file upload_24.cif (mmCIF, C-alpha atoms and all ligand atoms)
data_work
#
loop_
_atom_site.label_atom_id
_atom_site.label_comp_id
_atom_site.auth_asym_id
_atom_site.auth_seq_id
_atom_site.Cartn_x
_atom_site.Cartn_y
_atom_site.Cartn_z
CA MET A 1 32.54 5.82 -6.01
CA TYR A 2 30.70 4.54 -9.04
CA TYR A 3 30.51 0.95 -10.22
CA ASP A 4 29.28 -0.67 -13.40
CA TYR A 5 27.66 -4.06 -13.94
CA VAL A 6 31.09 -5.65 -14.36
CA ASN A 7 32.32 -4.79 -10.87
CA VAL A 8 29.37 -3.99 -8.60
CA PRO A 9 29.54 -6.32 -5.55
CA THR A 10 27.07 -9.21 -5.88
CA PRO A 11 24.39 -10.17 -5.07
CA CYS A 12 22.96 -6.74 -5.70
CA PHE A 13 19.70 -5.13 -6.74
CA VAL A 14 20.42 -2.35 -9.22
CA VAL A 15 17.58 0.05 -9.97
CA GLU A 16 18.11 2.39 -12.91
CA GLU A 17 16.99 5.99 -12.73
CA GLU A 18 16.47 6.20 -16.48
CA LEU A 19 14.16 3.17 -16.51
CA LEU A 20 12.16 4.51 -13.57
CA LYS A 21 11.79 7.83 -15.37
CA GLN A 22 10.39 6.11 -18.45
CA ASN A 23 7.64 4.60 -16.31
CA LEU A 24 7.03 7.82 -14.43
CA GLU A 25 6.58 9.79 -17.66
CA ILE A 26 3.82 7.40 -18.71
CA LEU A 27 2.09 7.66 -15.34
CA LYS A 28 2.40 11.43 -15.39
CA GLN A 29 0.61 11.51 -18.74
CA VAL A 30 -2.35 9.72 -17.18
CA ILE A 31 -2.40 12.20 -14.29
CA GLU A 32 -2.21 15.16 -16.68
CA LYS A 33 -4.87 13.83 -19.04
CA THR A 34 -7.41 13.02 -16.35
CA GLY A 35 -6.59 14.88 -13.14
CA CYS A 36 -6.59 11.56 -11.29
CA HIS A 37 -4.22 10.85 -8.42
CA ILE A 38 -1.62 8.09 -8.79
CA LEU A 39 -0.06 6.73 -5.62
CA LEU A 40 2.90 4.40 -5.27
CA ALA A 41 1.88 1.12 -3.58
CA GLN A 42 4.89 0.73 -1.32
CA LYS A 43 4.38 -2.97 -0.65
CA CYS A 44 5.66 -3.56 -4.18
CA PHE A 45 8.54 -1.13 -4.25
CA SER A 46 9.79 0.89 -1.31
CA MET A 47 13.34 1.82 -2.18
CA TYR A 48 12.98 5.18 -0.51
CA HIS A 49 16.23 6.42 -1.97
CA THR A 50 14.20 6.96 -5.16
CA TYR A 51 11.26 8.72 -3.48
CA PRO A 52 12.51 12.25 -4.21
CA LEU A 53 12.39 11.37 -7.91
CA LEU A 54 9.07 9.53 -7.70
CA SER A 55 7.42 12.34 -5.78
CA ARG A 56 8.13 14.75 -8.63
CA TYR A 57 5.75 12.69 -10.78
CA LEU A 58 3.27 10.90 -8.51
CA SER A 59 0.63 12.12 -6.06
CA GLY A 60 1.80 10.25 -2.97
CA THR A 61 2.01 6.77 -1.51
CA THR A 62 -0.23 4.08 -0.18
CA ALA A 63 0.62 1.73 2.64
CA SER A 64 -0.47 -1.63 4.00
CA GLY A 65 -0.08 -0.45 7.56
CA LEU A 66 1.67 1.92 9.91
CA TYR A 67 5.28 1.22 8.95
CA GLU A 68 4.85 1.72 5.23
CA ALA A 69 2.74 4.78 5.95
CA ARG A 70 5.56 6.23 8.05
CA LEU A 71 8.09 5.54 5.32
CA GLY A 72 5.88 7.27 2.77
CA ARG A 73 5.21 10.22 5.05
CA ASP A 74 8.91 10.62 5.97
CA TYR A 75 10.55 10.16 2.57
CA PHE A 76 7.91 10.78 -0.11
CA GLY A 77 5.61 13.36 1.42
CA LYS A 78 2.54 14.46 -0.55
CA GLU A 79 -0.52 12.26 0.06
CA THR A 80 -0.31 9.26 2.40
CA HIS A 81 -3.00 6.59 2.14
CA VAL A 82 -3.39 3.38 4.09
CA TYR A 83 -5.45 0.22 3.84
CA SER A 84 -5.20 -2.80 6.09
CA ALA A 85 -7.44 -5.85 6.37
CA ALA A 86 -7.46 -5.06 10.12
CA TYR A 87 -5.78 -2.35 12.17
CA ARG A 88 -4.20 -2.63 15.62
CA GLU A 89 -5.81 -0.43 18.25
CA GLU A 90 -2.48 0.93 19.55
CA GLU A 91 -1.42 2.12 16.10
CA MET A 92 -4.51 4.12 15.26
CA ASP A 93 -3.53 7.47 16.78
CA GLU A 94 -0.38 7.53 14.69
CA ILE A 95 -2.20 6.33 11.58
CA PHE A 96 -4.77 9.10 11.88
CA ALA A 97 -1.98 11.60 12.50
CA ILE A 98 0.10 10.76 9.41
CA CYS A 99 -2.41 9.45 6.84
CA ASP A 100 -4.74 11.45 4.64
CA HIS A 101 -6.98 8.56 3.58
CA ILE A 102 -7.67 5.58 5.84
CA VAL A 103 -9.46 2.66 4.19
CA PHE A 104 -11.26 0.06 6.30
CA ASN A 105 -11.94 -3.51 5.29
CA SER A 106 -15.20 -4.07 7.19
CA PHE A 107 -17.99 -2.20 8.93
CA SER A 108 -16.83 -3.60 12.26
CA GLN A 109 -13.33 -2.13 11.81
CA TRP A 110 -14.80 1.17 10.66
CA GLU A 111 -17.14 1.40 13.64
CA ARG A 112 -14.40 0.46 16.08
CA TYR A 113 -12.39 3.53 15.00
CA LYS A 114 -15.21 5.78 13.79
CA GLU A 115 -15.11 8.16 16.72
CA LYS A 116 -11.36 8.68 16.39
CA ALA A 117 -11.82 9.09 12.65
CA MET A 118 -14.51 11.73 12.99
CA GLY A 119 -12.29 13.70 15.36
CA SER A 120 -9.26 13.46 13.04
CA GLY A 121 -10.76 15.25 10.07
CA LYS A 122 -9.17 12.62 7.78
CA LYS A 123 -10.92 10.96 4.84
CA CYS A 124 -12.16 7.46 5.51
CA GLY A 125 -13.25 4.85 3.02
CA LEU A 126 -14.46 1.28 2.82
CA ARG A 127 -12.99 -1.45 0.67
CA ILE A 128 -15.62 -3.24 -1.36
CA ASN A 129 -15.33 -6.66 -2.92
CA PRO A 130 -16.87 -6.35 -6.38
CA GLU A 131 -16.96 -10.18 -6.68
CA CYS A 132 -15.68 -9.88 -10.21
CA SER A 133 -12.66 -12.12 -10.86
CA THR A 134 -10.84 -11.02 -13.96
CA GLN A 135 -7.87 -13.36 -13.66
CA GLU A 136 -7.25 -17.04 -13.90
CA GLY A 137 -4.45 -19.07 -12.48
CA HIS A 138 -3.16 -16.94 -9.64
CA ALA A 139 -5.80 -17.57 -6.96
CA ILE A 140 -3.52 -16.21 -4.22
CA TYR A 141 -3.57 -12.87 -6.02
CA ASP A 142 -7.33 -12.78 -6.55
CA PRO A 143 -9.15 -10.77 -3.87
CA CYS A 144 -12.44 -11.82 -5.49
CA ALA A 145 -11.78 -15.55 -5.04
CA PRO A 146 -14.30 -17.50 -2.92
CA TYR A 147 -14.02 -16.86 0.84
CA SER A 148 -11.78 -13.84 0.27
CA ARG A 149 -11.28 -11.69 3.36
CA MET A 150 -10.66 -8.62 1.21
CA GLY A 151 -13.45 -6.07 1.18
CA ILE A 152 -17.20 -6.04 1.78
CA VAL A 153 -19.45 -7.89 -0.67
CA ASN A 154 -22.59 -6.24 -1.99
CA ALA A 155 -24.97 -8.40 0.06
CA ASP A 156 -23.31 -7.23 3.29
CA PHE A 157 -22.89 -3.61 2.29
CA ASP A 158 -25.19 -1.76 4.66
CA ARG A 159 -26.19 1.64 3.27
CA ASP A 160 -27.26 2.78 6.74
CA ARG A 161 -23.76 2.62 8.19
CA LEU A 162 -22.03 5.09 5.88
CA GLU A 163 -22.03 8.24 7.99
CA GLY A 164 -18.44 9.56 7.96
CA ILE A 165 -17.40 7.53 4.90
CA SER A 166 -16.33 9.64 1.93
CA GLY A 167 -15.05 7.07 -0.54
CA LEU A 168 -14.93 3.50 -1.79
CA HIS A 169 -11.86 1.44 -2.54
CA PHE A 170 -11.48 -1.73 -4.55
CA HIS A 171 -8.40 -3.69 -5.46
CA THR A 172 -9.06 -6.71 -7.64
CA LEU A 173 -6.55 -6.63 -10.46
CA CYS A 174 -3.10 -8.17 -10.76
CA GLU A 175 -0.81 -7.43 -13.71
CA GLN A 176 -3.84 -6.66 -15.84
CA ASN A 177 -4.78 -4.49 -18.77
CA ALA A 178 -7.49 -1.82 -18.82
CA ASP A 179 -10.15 -4.19 -20.18
CA ALA A 180 -10.21 -5.94 -16.79
CA LEU A 181 -10.65 -2.57 -15.08
CA TYR A 182 -13.48 -1.68 -17.46
CA GLU A 183 -15.22 -4.97 -16.74
CA THR A 184 -14.84 -4.45 -12.98
CA LEU A 185 -16.16 -0.90 -13.14
CA GLN A 186 -19.35 -2.07 -14.85
CA VAL A 187 -20.02 -4.37 -11.89
CA VAL A 188 -19.07 -1.67 -9.37
CA LYS A 189 -21.44 0.79 -11.03
CA LYS A 190 -24.27 -1.73 -11.16
CA ASN A 191 -23.96 -2.86 -7.54
CA PHE A 192 -22.60 0.24 -5.80
CA GLY A 193 -23.73 3.06 -8.10
CA ASP A 194 -26.25 4.35 -5.53
CA VAL A 195 -23.43 4.61 -2.95
CA LEU A 196 -21.01 6.25 -5.40
CA SER A 197 -23.47 9.09 -5.95
CA GLU A 198 -23.02 9.94 -2.26
CA MET A 199 -19.21 9.67 -2.22
CA GLU A 200 -16.35 12.11 -2.91
CA TRP A 201 -13.74 9.70 -4.17
CA ILE A 202 -13.07 6.22 -5.49
CA ASN A 203 -9.81 4.29 -5.37
CA PHE A 204 -9.27 1.74 -8.18
CA GLY A 205 -6.50 -0.06 -6.22
CA GLY A 206 -3.46 -1.46 -8.02
CA GLY A 207 -2.72 -4.17 -10.55
CA HIS A 208 -2.98 -1.80 -13.53
CA HIS A 209 0.02 -2.71 -15.69
CA ILE A 210 0.04 0.80 -17.14
CA THR A 211 3.71 0.90 -18.12
CA ARG A 212 3.65 -2.41 -20.00
CA LYS A 213 4.03 -1.97 -23.77
CA ASP A 214 0.62 -3.36 -24.71
CA TYR A 215 -1.34 -1.53 -21.99
CA ASP A 216 -4.39 0.31 -23.30
CA ILE A 217 -3.94 3.77 -21.76
CA ASP A 218 -6.84 5.25 -23.72
CA CYS A 219 -9.20 2.74 -22.15
CA LEU A 220 -7.85 3.57 -18.68
CA VAL A 221 -8.36 7.28 -19.35
CA GLU A 222 -11.94 6.58 -20.43
CA CYS A 223 -12.58 4.55 -17.26
CA ILE A 224 -11.29 7.39 -15.08
CA ARG A 225 -13.27 10.07 -16.93
CA ASP A 226 -16.41 7.98 -16.74
CA MET A 227 -16.26 7.87 -12.93
CA GLN A 228 -15.37 11.55 -12.72
CA GLN A 229 -18.23 12.61 -14.97
CA GLN A 230 -20.97 10.22 -13.91
CA TYR A 231 -20.46 10.54 -10.13
CA GLN A 232 -18.28 13.67 -9.71
CA LEU A 233 -15.62 11.55 -7.97
CA GLU A 234 -11.93 12.16 -7.38
CA VAL A 235 -10.22 9.08 -8.80
CA TYR A 236 -7.20 7.42 -7.17
CA LEU A 237 -5.03 4.66 -8.60
CA GLU A 238 -2.39 2.94 -6.53
CA PRO A 239 -0.20 0.78 -8.77
CA GLY A 240 2.94 -0.82 -7.42
CA GLU A 241 4.30 -2.83 -10.33
CA ALA A 242 3.59 -0.20 -12.97
CA VAL A 243 5.85 2.29 -11.16
CA ALA A 244 8.99 0.16 -11.16
CA LEU A 245 8.19 -2.41 -13.85
CA ASN A 246 11.39 -3.54 -15.60
CA ALA A 247 13.32 -0.78 -13.82
CA GLY A 248 15.79 -2.96 -11.91
CA PHE A 249 18.02 -6.00 -12.06
CA MET A 250 19.38 -8.60 -9.71
CA VAL A 251 23.10 -9.05 -10.38
CA ALA A 252 24.44 -12.40 -9.22
CA SER A 253 27.71 -14.30 -9.63
CA VAL A 254 28.34 -17.96 -10.39
CA LEU A 255 29.98 -19.61 -7.35
CA ASP A 256 30.23 -23.18 -8.60
CA LEU A 257 29.30 -25.52 -11.41
CA VAL A 258 28.13 -29.08 -10.77
CA HIS A 259 26.50 -31.80 -12.84
CA ASN A 260 23.67 -34.20 -12.07
CA GLY A 261 21.82 -35.27 -15.19
CA MET A 262 22.25 -31.69 -16.40
CA ASP A 263 24.64 -28.82 -15.81
CA ILE A 264 23.86 -26.81 -12.72
CA ALA A 265 25.24 -23.44 -11.69
CA ILE A 266 25.17 -22.34 -8.07
CA LEU A 267 24.84 -18.58 -7.71
CA ASP A 268 25.35 -16.18 -4.82
CA THR A 269 21.67 -15.29 -5.01
CA SER A 270 18.75 -17.42 -3.91
CA ALA A 271 15.20 -17.75 -5.16
CA ALA A 272 14.00 -18.52 -1.64
CA CYS A 273 15.78 -15.57 0.02
CA HIS A 274 16.15 -12.87 -2.61
CA MET A 275 13.35 -13.39 -5.11
CA PRO A 276 10.74 -15.48 -3.28
CA ASP A 277 8.04 -14.77 -5.88
CA VAL A 278 9.98 -17.04 -8.23
CA LEU A 279 8.85 -19.89 -5.94
CA GLU A 280 5.62 -18.38 -4.64
CA MET A 281 3.94 -17.13 -7.76
CA PRO A 282 5.73 -19.07 -9.35
CA TYR A 283 7.55 -17.66 -12.37
CA THR A 284 10.93 -17.85 -14.09
CA PRO A 285 12.72 -14.51 -14.33
CA GLU A 286 14.26 -13.61 -17.65
CA ILE A 287 17.97 -13.01 -18.00
CA HIS A 288 18.97 -9.63 -19.35
CA GLN A 289 22.68 -10.21 -19.69
CA VAL A 290 25.51 -12.59 -18.90
CA ILE A 291 28.92 -11.05 -18.23
CA SER A 292 32.11 -13.14 -18.42
CA GLY A 293 35.51 -11.84 -17.45
CA SER A 294 36.12 -8.52 -15.82
CA GLY A 295 37.08 -4.93 -16.54
CA GLU A 296 38.16 -4.24 -20.11
CA ASN A 297 38.02 -7.93 -20.95
CA ALA A 298 34.37 -8.38 -20.01
CA VAL A 299 32.29 -10.17 -22.63
CA PHE A 300 28.54 -9.72 -22.74
CA SER A 301 26.04 -12.31 -23.90
CA THR A 302 22.49 -13.37 -23.12
CA ALA A 303 20.53 -16.43 -22.09
CA LYS A 304 16.99 -17.66 -22.54
CA VAL A 305 14.54 -19.45 -20.31
CA ILE A 306 14.26 -23.00 -21.62
CA HIS A 307 11.59 -24.45 -19.33
CA LYS A 308 8.31 -22.86 -18.40
CA GLN A 309 5.89 -24.92 -16.30
CA ASP A 310 7.64 -28.15 -17.31
CA GLU A 311 7.43 -27.28 -20.96
CA THR A 312 10.51 -26.85 -23.09
CA VAL A 313 10.18 -23.56 -24.90
CA GLU A 314 13.65 -23.08 -26.22
CA LYS A 315 16.54 -25.39 -27.02
CA GLN A 316 20.05 -24.06 -26.74
CA LYS A 317 23.51 -25.54 -26.75
CA TYR A 318 24.63 -24.75 -23.22
CA CYS A 319 21.85 -25.41 -20.76
CA TYR A 320 22.09 -24.84 -17.02
CA ARG A 321 19.80 -25.00 -14.06
CA LEU A 322 20.47 -21.93 -11.91
CA GLY A 323 20.07 -22.35 -8.17
CA GLY A 324 20.95 -20.73 -4.88
CA PRO A 325 23.50 -21.76 -2.25
CA THR A 326 20.85 -22.51 0.42
CA CYS A 327 20.03 -26.03 1.63
CA LEU A 328 16.49 -25.87 0.21
CA SER A 329 16.50 -28.39 -2.65
CA GLY A 330 13.87 -26.38 -4.44
CA ASP A 331 15.90 -23.18 -4.34
CA VAL A 332 15.96 -23.13 -8.14
CA ILE A 333 15.61 -19.97 -10.19
CA GLY A 334 15.08 -21.76 -13.50
CA ASP A 335 16.58 -23.58 -16.47
CA TYR A 336 18.29 -21.45 -19.07
CA GLY A 337 20.06 -21.85 -22.37
CA PHE A 338 23.30 -19.86 -22.76
CA GLU A 339 25.26 -18.81 -25.81
CA LYS A 340 28.52 -19.90 -24.16
CA PRO A 341 29.48 -22.27 -21.35
CA LEU A 342 29.32 -20.67 -17.90
CA LYS A 343 32.40 -20.22 -15.74
CA VAL A 344 32.83 -19.53 -12.04
CA GLY A 345 32.81 -15.77 -11.58
CA ASP A 346 30.47 -15.05 -14.49
CA ARG A 347 27.74 -12.56 -13.69
CA ILE A 348 24.09 -12.91 -14.46
CA LEU A 349 21.61 -10.02 -14.60
CA PHE A 350 18.03 -11.08 -13.92
CA LYS A 351 15.34 -8.81 -15.34
CA ASP A 352 12.51 -6.99 -13.63
CA MET A 353 13.82 -7.34 -10.08
CA ALA A 354 12.83 -3.95 -8.66
CA ILE A 355 9.29 -5.05 -7.87
CA TYR A 356 8.23 -7.51 -5.17
CA SER A 357 11.82 -8.69 -4.64
CA MET A 358 13.71 -6.09 -2.59
CA VAL A 359 10.64 -5.82 -0.31
CA LYS A 360 10.45 -9.59 0.18
CA THR A 361 14.01 -10.65 0.93
CA ASN A 362 14.82 -12.74 3.99
CA THR A 363 17.88 -14.21 5.65
CA PHE A 364 16.85 -17.89 5.74
CA ASN A 365 20.00 -20.06 5.97
CA GLY A 366 21.85 -16.98 7.12
CA MET A 367 21.92 -15.77 3.53
CA ARG A 368 23.51 -12.38 3.01
CA LEU A 369 20.94 -9.82 1.88
CA PRO A 370 21.60 -8.38 -1.59
CA SER A 371 23.11 -4.91 -1.66
CA ILE A 372 20.92 -2.13 -3.02
CA ALA A 373 22.32 0.12 -5.73
CA TYR A 374 21.08 2.90 -7.98
CA LYS A 375 22.29 3.56 -11.51
CA GLU A 376 22.41 7.25 -12.34
CA LYS A 377 23.97 9.19 -15.19
CA ASN A 378 27.52 8.66 -13.90
CA GLY A 379 27.27 5.01 -12.98
CA ILE A 380 26.07 2.65 -10.29
CA LYS A 381 26.10 3.93 -6.72
CA LEU A 382 25.85 1.53 -3.77
CA ILE A 383 23.07 2.67 -1.47
CA LYS A 384 23.08 -0.13 1.08
CA GLN A 385 25.13 -3.17 2.00
CA PHE A 386 24.18 -5.75 4.57
CA GLY A 387 26.12 -8.06 6.84
CA TYR A 388 26.02 -10.43 9.79
CA GLU A 389 24.32 -7.90 12.06
CA ASP A 390 21.32 -7.66 9.74
CA PHE A 391 20.87 -11.42 9.97
CA LYS A 392 21.36 -11.58 13.75
CA MET A 393 19.17 -8.60 14.55
CA ARG A 394 15.98 -10.36 13.47
CA LEU A 395 16.46 -13.45 15.60
C1 LIG B 401 -0.91 -4.98 -3.81
C2 LIG B 401 -1.79 -3.81 -3.75
C3 LIG B 401 -1.58 -2.72 -4.61
C4 LIG B 401 -0.50 -2.71 -5.68
O1 LIG B 401 -0.69 -3.71 -6.60
P1 LIG B 401 0.27 -3.91 -7.88
O2 LIG B 401 -0.17 -5.22 -8.44
O3 LIG B 401 1.66 -3.95 -7.39
O4 LIG B 401 0.01 -2.76 -8.79
C5 LIG B 401 -2.42 -1.63 -4.48
N1 LIG B 401 -3.42 -1.61 -3.55
C6 LIG B 401 -3.64 -2.64 -2.71
C7 LIG B 401 -4.74 -2.55 -1.73
C8 LIG B 401 -2.84 -3.76 -2.78
O5 LIG B 401 -3.08 -4.80 -1.96
#
call {"tool": "encode", "arguments": {"input": "upload_24.cif", "output": "structure tokens"}}
result
Amino acid sequence: MYYDYVNVPTPCFVVEEELLKQNLEILKQVIEKTGCHILLAQKCFSMYHTYPLLSRYLSGTTASGLYEARLGRDYFGKETHVYSAAYREEEMDEIFAICDHIVFNSFSQWERYKEKAMGSGKKCGLRINPECSTQEGHAIYDPCAPYSRMGIVNADFDRDRLEGISGLHFHTLCEQNADALYETLQVVKKNFGDVLSEMEWINFGGGHHITRKDYDIDCLVECIRDMQQQYQLEVYLEPGEAVALNAGFMVASVLDLVHNGMDIAILDTSAACHMPDVLEMPYTPEIHQVISGSGENAVFSTAKVIHKQDETVEKQKYCYRLGGPTCLSGDVIGDYGFEKPLKVGDRILFKDMAIYSMVKTNTFNGMRLPSIAYKEKNGIKLIKQFGYEDFKMRL
């Protein structure tokens, strides 16, 4: 059975095939222009129902450890890569069996598993820390921040311990444009150029916001070609966000309306449980659509964020704070201005909820997990629904 946004059970993540395809076409262009490999970073988006589609466009997946690697191997196929800040001994046999590239975070980790690696015939790499911060503000997303545990810094990079290593990996960007990649590559070339001449491949990590409207694809293409031509390297990119950017929504319903100094709507979704980056990053998600009424009588309107970092950016007649039903006082999604007053039962579609939301949900307060749905040509299909057992099972 197919649903539409007016009747799909809430709360629900809805990922749209058409929107995914738009992103995939852009990524495919980069692959075709340069011959680089683009991998899906599963930690951002691992709705494996979509993997058959994704694998028609992309080169494979990357994983943060054994479980993601297994998911990629089982449902995506093609290349399977893995990087972890530290691996568990008992997982290594399986990791070497299912992964094509294994990236180590330190010489000590590499040497601990070197013998196994050499016997496996798989490609092994080291993650470097280029010590080149290209972002401000989000220190928790900056692997080049002081005291970072991510990657080996130049001063500790021992050229005599590279036997068996065929590539270098760096991941330093977060939601950035190609100028930040260019800047990073200049540092990588300056400090690690001698090593790159000896390598077969380089992995640029993720954080490339390739499918964002203002992204400079020509600059990215130049960066890739430069590494291919100067060092004869195979180039890998492993974006997460760019694959599913703006490709999905969170659909939530208004459960109650209260007032305390301002109007407040309590929804059946929660920032803390269903979109934790709203509190962690933090950010305020945009609203795509508001739906009042049902069936034929549904009326569509929109709403705007009115507060960003304590600053009023938009004034509107009907203002509401949207929050979750949990007992966390700070379970607030944001303050929004609406075209019309809200009513119980109204539906709200939050934008850009495919990435770093579905993978981060939790059942704090015994919250019901959002259903997972996929919008295809004929309508919205429910892929998964969750219940009491899913809550109980983890405790
Ligand atoms: C998080 C991460 C990615 C994906 O990053 P996005 O910002 O989602 O593109 C890729 N590689 C590594 C090593 C990561 O930690």
call {"tool": "residues_near_ligand", "arguments": {"input": "upload_24.cif", "ligand": "ligand LIG 401 (chain B)", "cutoff": "9 Å", "atoms": "all atoms listed in the file", "output": "VMD selection string"}}
result
chain A and resid 39 to 45 62 to 64 82 to 84 127 141 143 150 169 to 176 203 to 209 237 to 243 355 to 356
call {"tool": "write_last_selection", "arguments": {"input": "upload_24.cif", "atoms": "C-alpha atoms", "output": "PDB file, in the frame of the given file"}}
result
ATOM      1  CA  LEU A  39      -0.060   6.730  -5.620  1.00  0.00           C
ATOM      2  CA  LEU A  40       2.900   4.400  -5.270  1.00  0.00           C
ATOM      3  CA  ALA A  41       1.880   1.120  -3.580  1.00  0.00           C
ATOM      4  CA  GLN A  42       4.890   0.730  -1.320  1.00  0.00           C
ATOM      5  CA  LYS A  43       4.380  -2.970  -0.650  1.00  0.00           C
ATOM      6  CA  CYS A  44       5.660  -3.560  -4.180  1.00  0.00           C
ATOM      7  CA  PHE A  45       8.540  -1.130  -4.250  1.00  0.00           C
ATOM      8  CA  THR A  62      -0.230   4.080  -0.180  1.00  0.00           C
ATOM      9  CA  ALA A  63       0.620   1.730   2.640  1.00  0.00           C
ATOM     10  CA  SER A  64      -0.470  -1.630   4.000  1.00  0.00           C
ATOM     11  CA  VAL A  82      -3.390   3.380   4.090  1.00  0.00           C
ATOM     12  CA  TYR A  83      -5.450   0.220   3.840  1.00  0.00           C
ATOM     13  CA  SER A  84      -5.200  -2.800   6.090  1.00  0.00           C
ATOM     14  CA  ARG A 127     -12.990  -1.450   0.670  1.00  0.00           C
ATOM     15  CA  TYR A 141      -3.570 -12.870  -6.020  1.00  0.00           C
ATOM     16  CA  PRO A 143      -9.150 -10.770  -3.870  1.00  0.00           C
ATOM     17  CA  MET A 150     -10.660  -8.620   1.210  1.00  0.00           C
ATOM     18  CA  HIS A 169     -11.860   1.440  -2.540  1.00  0.00           C
ATOM     19  CA  PHE A 170     -11.480  -1.730  -4.550  1.00  0.00           C
ATOM     20  CA  HIS A 171      -8.400  -3.690  -5.460  1.00  0.00           C
ATOM     21  CA  THR A 172      -9.060  -6.710  -7.640  1.00  0.00           C
ATOM     22  CA  LEU A 173      -6.550  -6.630 -10.460  1.00  0.00           C
ATOM     23  CA  CYS A 174      -3.100  -8.170 -10.760  1.00  0.00           C
ATOM     24  CA  GLU A 175      -0.810  -7.430 -13.710  1.00  0.00           C
ATOM     25  CA  GLN A 176      -3.840  -6.660 -15.840  1.00  0.00           C
ATOM     26  CA  ASN A 203      -9.810   4.290  -5.370  1.00  0.00           C
ATOM     27  CA  PHE A 204      -9.270   1.740  -8.180  1.00  0.00           C
ATOM     28  CA  GLY A 205      -6.500  -0.060  -6.220  1.00  0.00           C
ATOM     29  CA  GLY A 206      -3.460  -1.460  -8.020  1.00  0.00           C
ATOM     30  CA  GLY A 207      -2.720  -4.170 -10.550  1.00  0.00           C
ATOM     31  CA  HIS A 208      -2.980  -1.800 -13.530  1.00  0.00           C
ATOM     32  CA  HIS A 209       0.020  -2.710 -15.690  1.00  0.00           C
ATOM     33  CA  LEU A 237      -5.030   4.660  -8.600  1.00  0.00           C
ATOM     34  CA  GLU A 238      -2.390   2.940  -6.530  1.00  0.00           C
ATOM     35  CA  PRO A 239      -0.200   0.780  -8.770  1.00  0.00           C
ATOM     36  CA  GLY A 240       2.940  -0.820  -7.420  1.00  0.00           C
ATOM     37  CA  GLU A 241       4.300  -2.830 -10.330  1.00  0.00           C
ATOM     38  CA  ALA A 242       3.590  -0.200 -12.970  1.00  0.00           C
ATOM     39  CA  VAL A 243       5.850   2.290 -11.160  1.00  0.00           C
ATOM     40  CA  ILE A 355       9.290  -5.050  -7.870  1.00  0.00           C
ATOM     41  CA  TYR A 356       8.230  -7.510  -5.170  1.00  0.00           C
TER      42      TYR A 356
END
call {"tool": "residues_around", "arguments": {"input": "upload_24.cif", "residues": "range 274-279 of chain A", "least_positions_apart": "6", "cutoff": "8 Å", "atoms": "all atoms listed in the file", "output": "list of chain:residue names"}}
result
A:Pro285, A:Asp331, A:Ile333, A:Met353, A:Tyr356, A:Ser357, A:Met358, A:Lys360, A:Thr361, A:Asn362, A:Leu369, A:Pro370
call {"tool": "axis_aligned_box", "arguments": {"input": "upload_24.cif", "around": "range 137-149 of chain A", "padding_each_side": "8 Å", "output": "JSON"}}
result
{"center_x": -8.7, "center_y": -14.9, "center_z": -4.6, "size_x": 27.1, "size_y": 24.3, "size_z": 31.8}
call {"tool": "closest_atom_pairs", "arguments": {"input": "upload_24.cif", "of": "range 203-253 of chain A", "to": "range 7-31 of chain A", "cutoff": "6 Å", "atoms": "only C-alpha atoms", "output": "CSV"}}
result
residue,atom,partner,partner_atom,distance
A:Thr211,CA,A:Asn23,CA,5.7
A:Val243,CA,A:Asn23,CA,5.9
A:Ala244,CA,A:Leu20,CA,5.9
A:Ala247,CA,A:Leu19,CA,4.9
A:Gly248,CA,A:Val15,CA,4.0
A:Phe249,CA,A:Val14,CA,5.2
A:Met250,CA,A:Phe13,CA,4.6
A:Val251,CA,A:Cys12,CA,5.2
A:Ala252,CA,A:Pro11,CA,4.7
call {"tool": "closest_residue", "arguments": {"input": "upload_24.cif", "among": "A:Gln229, A:Asn260, A:Ser253, A:Gln316", "to": "Gly293 in chain A", "atoms": "all atoms listed in the file"}}
result
A:Ser253
call {"tool": "atom_distance", "arguments": {"input": "upload_24.cif", "atom1": "CA of Tyr336 in chain A", "atom2": "CA of Val258 in chain A"}}
result
15.0 Å
call {"tool": "residues_around", "arguments": {"input": "upload_24.cif", "residues": "Tyr87 in chain A", "least_positions_apart": "4", "cutoff": "10 Å", "atoms": "all atoms listed in the file", "output": "ChimeraX atom specification"}}
result
/A:64-66,83,91-92,95,104-105,109-110,112-113
call {"tool": "atom_distance", "arguments": {"input": "upload_24.cif", "atom1": "CA of Leu328 in chain A", "atom2": "CA of Thr284 in chain A"}}
result
17.3 Å
call {"tool": "atom_distance", "arguments": {"input": "upload_24.cif", "atom1": "CA of Glu339 in chain A", "atom2": "CA of Phe300 in chain A"}}
result
10.1 Å
call {"tool": "residues_around", "arguments": {"input": "upload_24.cif", "residues": "Ile383 in chain A", "least_positions_apart": "2", "cutoff": "9 Å", "atoms": "only C-alpha atoms", "output": "JSON, numbers by chain"}}
result
{"A": [49, 371, 372, 373, 374, 381, 385]}
call {"tool": "closest_residue", "arguments": {"input": "upload_24.cif", "among": "A:Glu90, A:Lys377, A:Ile140, A:Ser166", "to": "Ile102 in chain A", "atoms": "all atoms listed in the file"}}
result
A:Ser166
call {"tool": "closest_residue", "arguments": {"input": "upload_24.cif", "among": "A:Leu395, A:Leu71, A:Cys273, A:Ala97", "to": "Gly119 in chain A", "atoms": "all atoms listed in the file"}}
result
A:Ala97
call {"tool": "residues_near_point", "arguments": {"input": "upload_24.cif", "point": "(-6.9, 1.2, -20.8)", "cutoff": "8 Å", "atoms": "all atoms listed in the file", "output": "list in words"}}
result
Asn177, Ala178, Asp179, Leu181, Tyr182, Ile210, Tyr215, Asp216, Ile217, Asp218, Cys219, Leu220, Val221, Glu222 and Cys223 of chain A
